[in-house]
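Participant: What follows is a structure written as structure tokens; I'll ask about it next.
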Amino acid sequence: MRFNFLIITTLLYLALVACFTANGQQNDNVTDEFEEQQIATEQWYLSLSAGVGVITNPLHGGDNIPLVLIPQVAFYAQQWFFDNGRVGYSFIQTPKHQLNLVSELNTESRFFIDWHPKNIFALQGNALSSQLVQDGDSSPAKTLNINDIKKRHTALDTGIAYHYVSGPNVFSIQALHDVTNVYNGLRAGLQWQYHAQIDKLKLKSTMGINYKSAELNNYYYGLNADETQFGKIDVGSSWQPYAKIDARWPLSKVNSLRFHVAYYDYSAMDGSPLFERTYSMTAFIGLDHTF
């Protein structure tokens with residue numbers, strides 16, 4: 001079923017691209033606008049999205065992450081920049097090519113954080129999640145609650161990111177390595193992003209795939225022998241596809257309605273007893289205000 005969901009998501013995405021291509025005249029205008037836009041330096045970019053949303057946690061015993069207020073903060077100097085948690089230095093900046101040295105926190109640890117809604121609804125127990133669940137035969141399935149393992153720490157990753165802009169298309173490739181000796185591995189990614197506009201509706205759709213080294217997966221999703229009765233479990237390296245769509249409908253010069261949905265596939269790591277589901281979804285709808 002998880003593969004069917006990914007196929008459906010991909011087909012919907014391709015259908016949107018086909019719709020964008022059919023609106024040739026509108027897309028030409030978007031292309032011209034996108035290629036001509038320049039990032040103003042020495043200027044803060046501040047916006048706040050308020051609404052309702054969630055990041056689903058695929059791990060046993062993990063709380064879903066609520067999305068109510070989402071700030072966006074960016075500042076670009078001549079070479080240095082800060083963009084929503086990513087710090088970088090630009091070696092090459094042209095309308096078509098960008099080559100940056102970047103550093104950012106690894107996001108895998110977000111699934112292991114105890115969020116405050118769990119304390120508010122303290123009577124909603126997770127006792128069943130930590131028990132062994134029977135499958136079709138007499139042997140027990142391997143499941144483990146994240147509250148029963150050692151704490152996973154956040155790592156700082158640093159590496160190189162390259163972006164190529166061709167009309168409304170942005171192609172990206174990056175490779176980053178843990179520089180804090182938390183998991184001592186690397187991650188990389190390939191991404192395609194497409195910008196389009198239908199009437200006033202501005203759409204940004206994204207497809208990509210992430211590579212995660214065995215060191216990264218084993219640290220966050222593997223198990224040491226002293227953490228479980230199953231013994232030591234290694235996950236190994238993996239490729240993780242994903243798809244995202246972000247839509248904005250302007251209400252005024254500074255306000256707009258915003259809709260965002262994303263799907264991340266974790267099926268390559270389903271050998272880990274920590275996973276309850278082999279995917280994570282992000283969904284949000286609300287009002288965005290630019291300061």
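Labeling convention for the structure tokens: chains A, B, ... as they appear, residues from 1 per chain, ligands from 1 in order of appearance.
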Quick one: residues within 10 Å of Pro241 (chain A), only C-alpha atoms, excluding same-chain residues fewer than 3 positions away - as a list in words?
Facilitator: Leu6, Gly189, Leu190, Gln191, Met207, Gly208, Ile209, Asn210, Tyr211, Ser238, Tyr263, Tyr264, Asp265, Tyr266, Ser267 and Ala268 of chain A
Participant: For the selection just defined, write its residues with N, CA, C and O atoms to a file, as an mmCIF file, in the first residue's frame.
Facilitator:
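Output file out_3.cif follows:
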```
data_model
loop_
_atom_site.group_PDB
_atom_site.id
_atom_site.type_symbol
_atom_site.label_atom_id
_atom_site.label_comp_id
_atom_site.auth_asym_id
_atom_site.auth_seq_id
_atom_site.Cartn_x
_atom_site.Cartn_y
_atom_site.Cartn_z
ATOM 1 N N LEU A 6 2.797 6.210 -3.046
ATOM 2 C CA LEU A 6 3.863 6.948 -3.708
ATOM 3 C C LEU A 6 3.594 7.063 -5.196
ATOM 4 O O LEU A 6 3.822 8.114 -5.807
ATOM 5 N N GLY A 189 21.665 14.491 -1.934
ATOM 6 C CA GLY A 189 20.338 14.583 -2.518
ATOM 7 C C GLY A 189 20.340 15.148 -3.928
ATOM 8 O O GLY A 189 21.221 15.931 -4.299
ATOM 9 N N LEU A 190 19.352 14.714 -4.705
ATOM 10 C CA LEU A 190 19.061 15.257 -6.026
ATOM 11 C C LEU A 190 17.628 15.771 -6.004
ATOM 12 O O LEU A 190 16.726 15.103 -5.486
ATOM 13 N N GLN A 191 17.391 16.960 -6.592
ATOM 14 C CA GLN A 191 16.058 17.553 -6.530
ATOM 15 C C GLN A 191 15.725 18.330 -7.788
ATOM 16 O O GLN A 191 16.599 18.961 -8.391
ATOM 17 N N MET A 207 10.191 17.367 -6.616
ATOM 18 C CA MET A 207 10.444 15.932 -6.519
ATOM 19 C C MET A 207 11.935 15.727 -6.305
ATOM 20 O O MET A 207 12.764 16.476 -6.839
ATOM 21 N N GLY A 208 12.283 14.720 -5.506
ATOM 22 C CA GLY A 208 13.694 14.492 -5.253
ATOM 23 C C GLY A 208 13.941 13.140 -4.624
ATOM 24 O O GLY A 208 13.011 12.369 -4.353
ATOM 25 N N ILE A 209 15.211 12.866 -4.393
ATOM 26 C CA ILE A 209 15.603 11.632 -3.727
ATOM 27 C C ILE A 209 16.822 11.918 -2.864
ATOM 28 O O ILE A 209 17.745 12.635 -3.289
ATOM 29 N N ASN A 210 16.798 11.422 -1.636
ATOM 30 C CA ASN A 210 17.897 11.607 -0.694
ATOM 31 C C ASN A 210 18.655 10.304 -0.495
ATOM 32 O O ASN A 210 18.052 9.226 -0.426
ATOM 33 N N TYR A 211 19.973 10.427 -0.418
ATOM 34 C CA TYR A 211 20.806 9.287 -0.050
ATOM 35 C C TYR A 211 21.266 9.474 1.393
ATOM 36 O O TYR A 211 21.716 10.558 1.772
ATOM 37 N N SER A 238 20.493 3.972 2.438
ATOM 38 C CA SER A 238 19.179 3.973 1.798
ATOM 39 C C SER A 238 19.036 5.138 0.833
ATOM 40 O O SER A 238 19.741 6.140 0.924
ATOM 41 N N TYR A 263 5.337 14.328 0.968
ATOM 42 C CA TYR A 263 5.367 12.895 1.267
ATOM 43 C C TYR A 263 6.817 12.426 1.213
ATOM 44 O O TYR A 263 7.529 12.666 0.230
ATOM 45 N N TYR A 264 7.277 11.767 2.290
ATOM 46 C CA TYR A 264 8.627 11.224 2.376
ATOM 47 C C TYR A 264 8.545 9.717 2.586
ATOM 48 O O TYR A 264 7.866 9.247 3.502
ATOM 49 N N ASP A 265 9.222 8.958 1.736
ATOM 50 C CA ASP A 265 9.152 7.509 1.787
ATOM 51 C C ASP A 265 10.307 6.942 2.616
ATOM 52 O O ASP A 265 11.470 7.270 2.383
ATOM 53 N N TYR A 266 9.980 6.102 3.607
ATOM 54 C CA TYR A 266 10.980 5.462 4.462
ATOM 55 C C TYR A 266 10.986 3.934 4.292
ATOM 56 O O TYR A 266 11.475 3.216 5.151
ATOM 57 N N SER A 267 10.440 3.435 3.189
ATOM 58 C CA SER A 267 10.300 1.993 3.023
ATOM 59 C C SER A 267 11.649 1.280 2.955
ATOM 60 O O SER A 267 11.733 0.090 3.273
ATOM 61 N N ALA A 268 12.709 1.974 2.551
ATOM 62 C CA ALA A 268 14.021 1.337 2.482
ATOM 63 C C ALA A 268 14.571 1.010 3.865
ATOM 64 O O ALA A 268 15.545 0.255 3.982
#
```
Participant: How far is it from CA of Tyr164 (chain A) to CA of Ala283 (chain A), in Å with one decimal?
Facilitator: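 Separating CA of Tyr164 (chain A) from CA of Ala283 (chain A) is a distance of 27.7 Å.
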Participant: So, counting only C-alpha atoms, which residue among A:Tyr45, A:Trp249, A:Phe291, A:Phe82 is closest to Lys200 (chain A)?
Facilitator: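 Result for the nearest residue to Lys200 (chain A): A:Trp249.
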Participant: Point out the residue among A:Gly159, A:Gly51, A:Gly61, A:Gly88 with the least atom-to-atom distance to Ala188 (chain A), counting only C-alpha atoms.
Facilitator: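 For Ala188 (chain A), the nearest of the given residues is A:Gly159.
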Participant: Of the candidates A:Tyr76, A:Phe111, A:Asn218, A:Leu186, which shows the shortest atom-to-atom distance to Asn145 (chain A), using only C-alpha atoms?
Facilitator: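 Residue with the minimum atom-to-atom distance to Asn145 (chain A): A:Phe111.
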Participant: List every residue of region 185-284 of chain A that DSSP, applied to the backbone of this structure, places in strand (DSSP E or B), and write the result as a PyMOL selection string.
Facilitator: chain A and resi 186-198+201-212+223+233+238-250+255-265+275+279-284
Participant: Which one is closest to Ile245 (chain A): A:Lys204, A:Lys96, A:Arg277, A:Arg258? Count only C-alpha atoms.
Facilitator: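 Result for the nearest residue to Ile245 (chain A): A:Lys204.
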Participant: How would you write, as JSON, numbers by chain, the set of residues in region 38-281 of chain A that DSSP gives as helix (DSSP H, G or I)?
Facilitator: {"A": [107, 108, 109, 110, 111, 112, 117, 118, 119, 120, 127, 128, 129, 130, 146, 147, 148, 214, 215, 216, 217, 218, 219, 220, 221, 267, 268, 269]}
Participant: Suppose you want the space between CA of Gly271 (chain A) and CA of Ser213 (chain A); what is it in Å?
Facilitator: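 Computing the Euclidean distance for CA of Gly271 (chain A) and CA of Ser213 (chain A) yields 15.3 Å.
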Participant: Identify which of the residues A:Gly185, A:Gly236, A:Gly231, A:Gly286 lies closest to Arg248 (chain A), counting only C-alpha atoms when measuring atom-to-atom distances.
Facilitator: A:Gly286
Participant: In terms of the shortest atom-to-atom distance over only C-alpha atoms, which of A:Ser237, A:Asn84, A:Thr278, A:Asn169 is closest to Ser205 (chain A)?
Facilitator: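 Distance minimum relative to Ser205 (chain A) lands on A:Asn169.
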Participant: Fewer than 6 positions away in the same chain doesn't count, so skip those; otherwise give me all residues within 9 Å of Gln43 (chain A), counting only C-alpha atoms, as a list in words.
Facilitator: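 The neighbour list is Ala74, Phe75, Tyr76 and Ala77 of chain A.
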Participant: Which polymer residues have any atom within 9 Å of an atom of Val254 (chain A), counting only C-alpha atoms, with same-chain residues fewer than 3 positions away left out, as a PyMOL selection string?
Facilitator: chain A and resi 47+250-251+288-291
Participant: Restricted to all heavy atoms, what would the selected residues look like written as a short mmCIF file (atom, residue, chain, number, x, y, z; two decimals), in the first residue's frame?
Facilitator:
```cif
data_model
loop_
_atom_site.label_atom_id
_atom_site.label_comp_id
_atom_site.auth_asym_id
_atom_site.auth_seq_id
_atom_site.Cartn_x
_atom_site.Cartn_y
_atom_site.Cartn_z
N SER A 47 8.66 36.35 7.18
CA SER A 47 7.25 36.04 6.98
C SER A 47 6.81 35.04 8.04
O SER A 47 7.64 34.35 8.65
CB SER A 47 6.99 35.46 5.58
OG SER A 47 7.54 34.18 5.45
N PRO A 250 -2.42 34.95 -3.50
CA PRO A 250 -2.28 36.27 -2.88
C PRO A 250 -3.62 36.94 -2.59
O PRO A 250 -4.52 36.94 -3.42
CB PRO A 250 -1.48 37.07 -3.94
CG PRO A 250 -1.49 36.27 -5.17
CD PRO A 250 -1.91 34.88 -4.86
N LEU A 251 -3.72 37.48 -1.38
CA LEU A 251 -4.89 38.26 -0.97
C LEU A 251 -4.60 39.74 -1.02
O LEU A 251 -5.52 40.55 -1.20
CB LEU A 251 -5.31 37.85 0.45
CG LEU A 251 -5.68 36.38 0.66
CD1 LEU A 251 -5.95 36.12 2.14
CD2 LEU A 251 -6.88 35.99 -0.19
N ASP A 288 -0.43 33.35 5.22
CA ASP A 288 0.96 33.76 5.25
C ASP A 288 1.06 35.29 5.18
O ASP A 288 0.41 35.92 4.34
CB ASP A 288 1.75 33.14 4.09
CG ASP A 288 3.22 33.48 4.14
OD1 ASP A 288 3.95 32.81 4.89
OD2 ASP A 288 3.65 34.42 3.44
N HIS A 289 1.85 35.88 6.08
CA HIS A 289 2.04 37.33 6.12
C HIS A 289 3.53 37.65 5.97
O HIS A 289 4.36 37.10 6.70
CB HIS A 289 1.51 37.93 7.43
CG HIS A 289 1.75 39.40 7.56
ND1 HIS A 289 0.97 40.35 6.92
CD2 HIS A 289 2.69 40.08 8.27
CE1 HIS A 289 1.42 41.55 7.21
NE2 HIS A 289 2.46 41.43 8.03
N THR A 290 3.83 38.52 5.04
CA THR A 290 5.22 38.96 4.83
C THR A 290 5.43 40.33 5.47
O THR A 290 4.64 41.27 5.23
CB THR A 290 5.54 39.05 3.32
OG1 THR A 290 5.33 37.77 2.73
CG2 THR A 290 6.99 39.48 3.12
N PHE A 291 6.47 40.45 6.28
CA PHE A 291 6.74 41.70 6.98
C PHE A 291 7.60 42.63 6.13
O PHE A 291 8.34 42.20 5.27
CB PHE A 291 7.44 41.41 8.30
CG PHE A 291 6.58 40.61 9.26
CD1 PHE A 291 6.65 39.23 9.28
CD2 PHE A 291 5.69 41.25 10.11
CE1 PHE A 291 5.87 38.49 10.14
CE2 PHE A 291 4.90 40.52 11.00
CZ PHE A 291 4.99 39.13 11.01
#
```
Participant: List the spatial neighbours of Val68 (chain A) as a list in words - criterion: any atom at most 9 Å away, only C-alpha atoms, same-chain residues fewer than 6 positions off excluded.
Facilitator: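 Here the qualifying residues turn out to be Ser49, Ala50, Gly51, Val52, Gly53, Val54, Phe284 and Gly286 of chain A.
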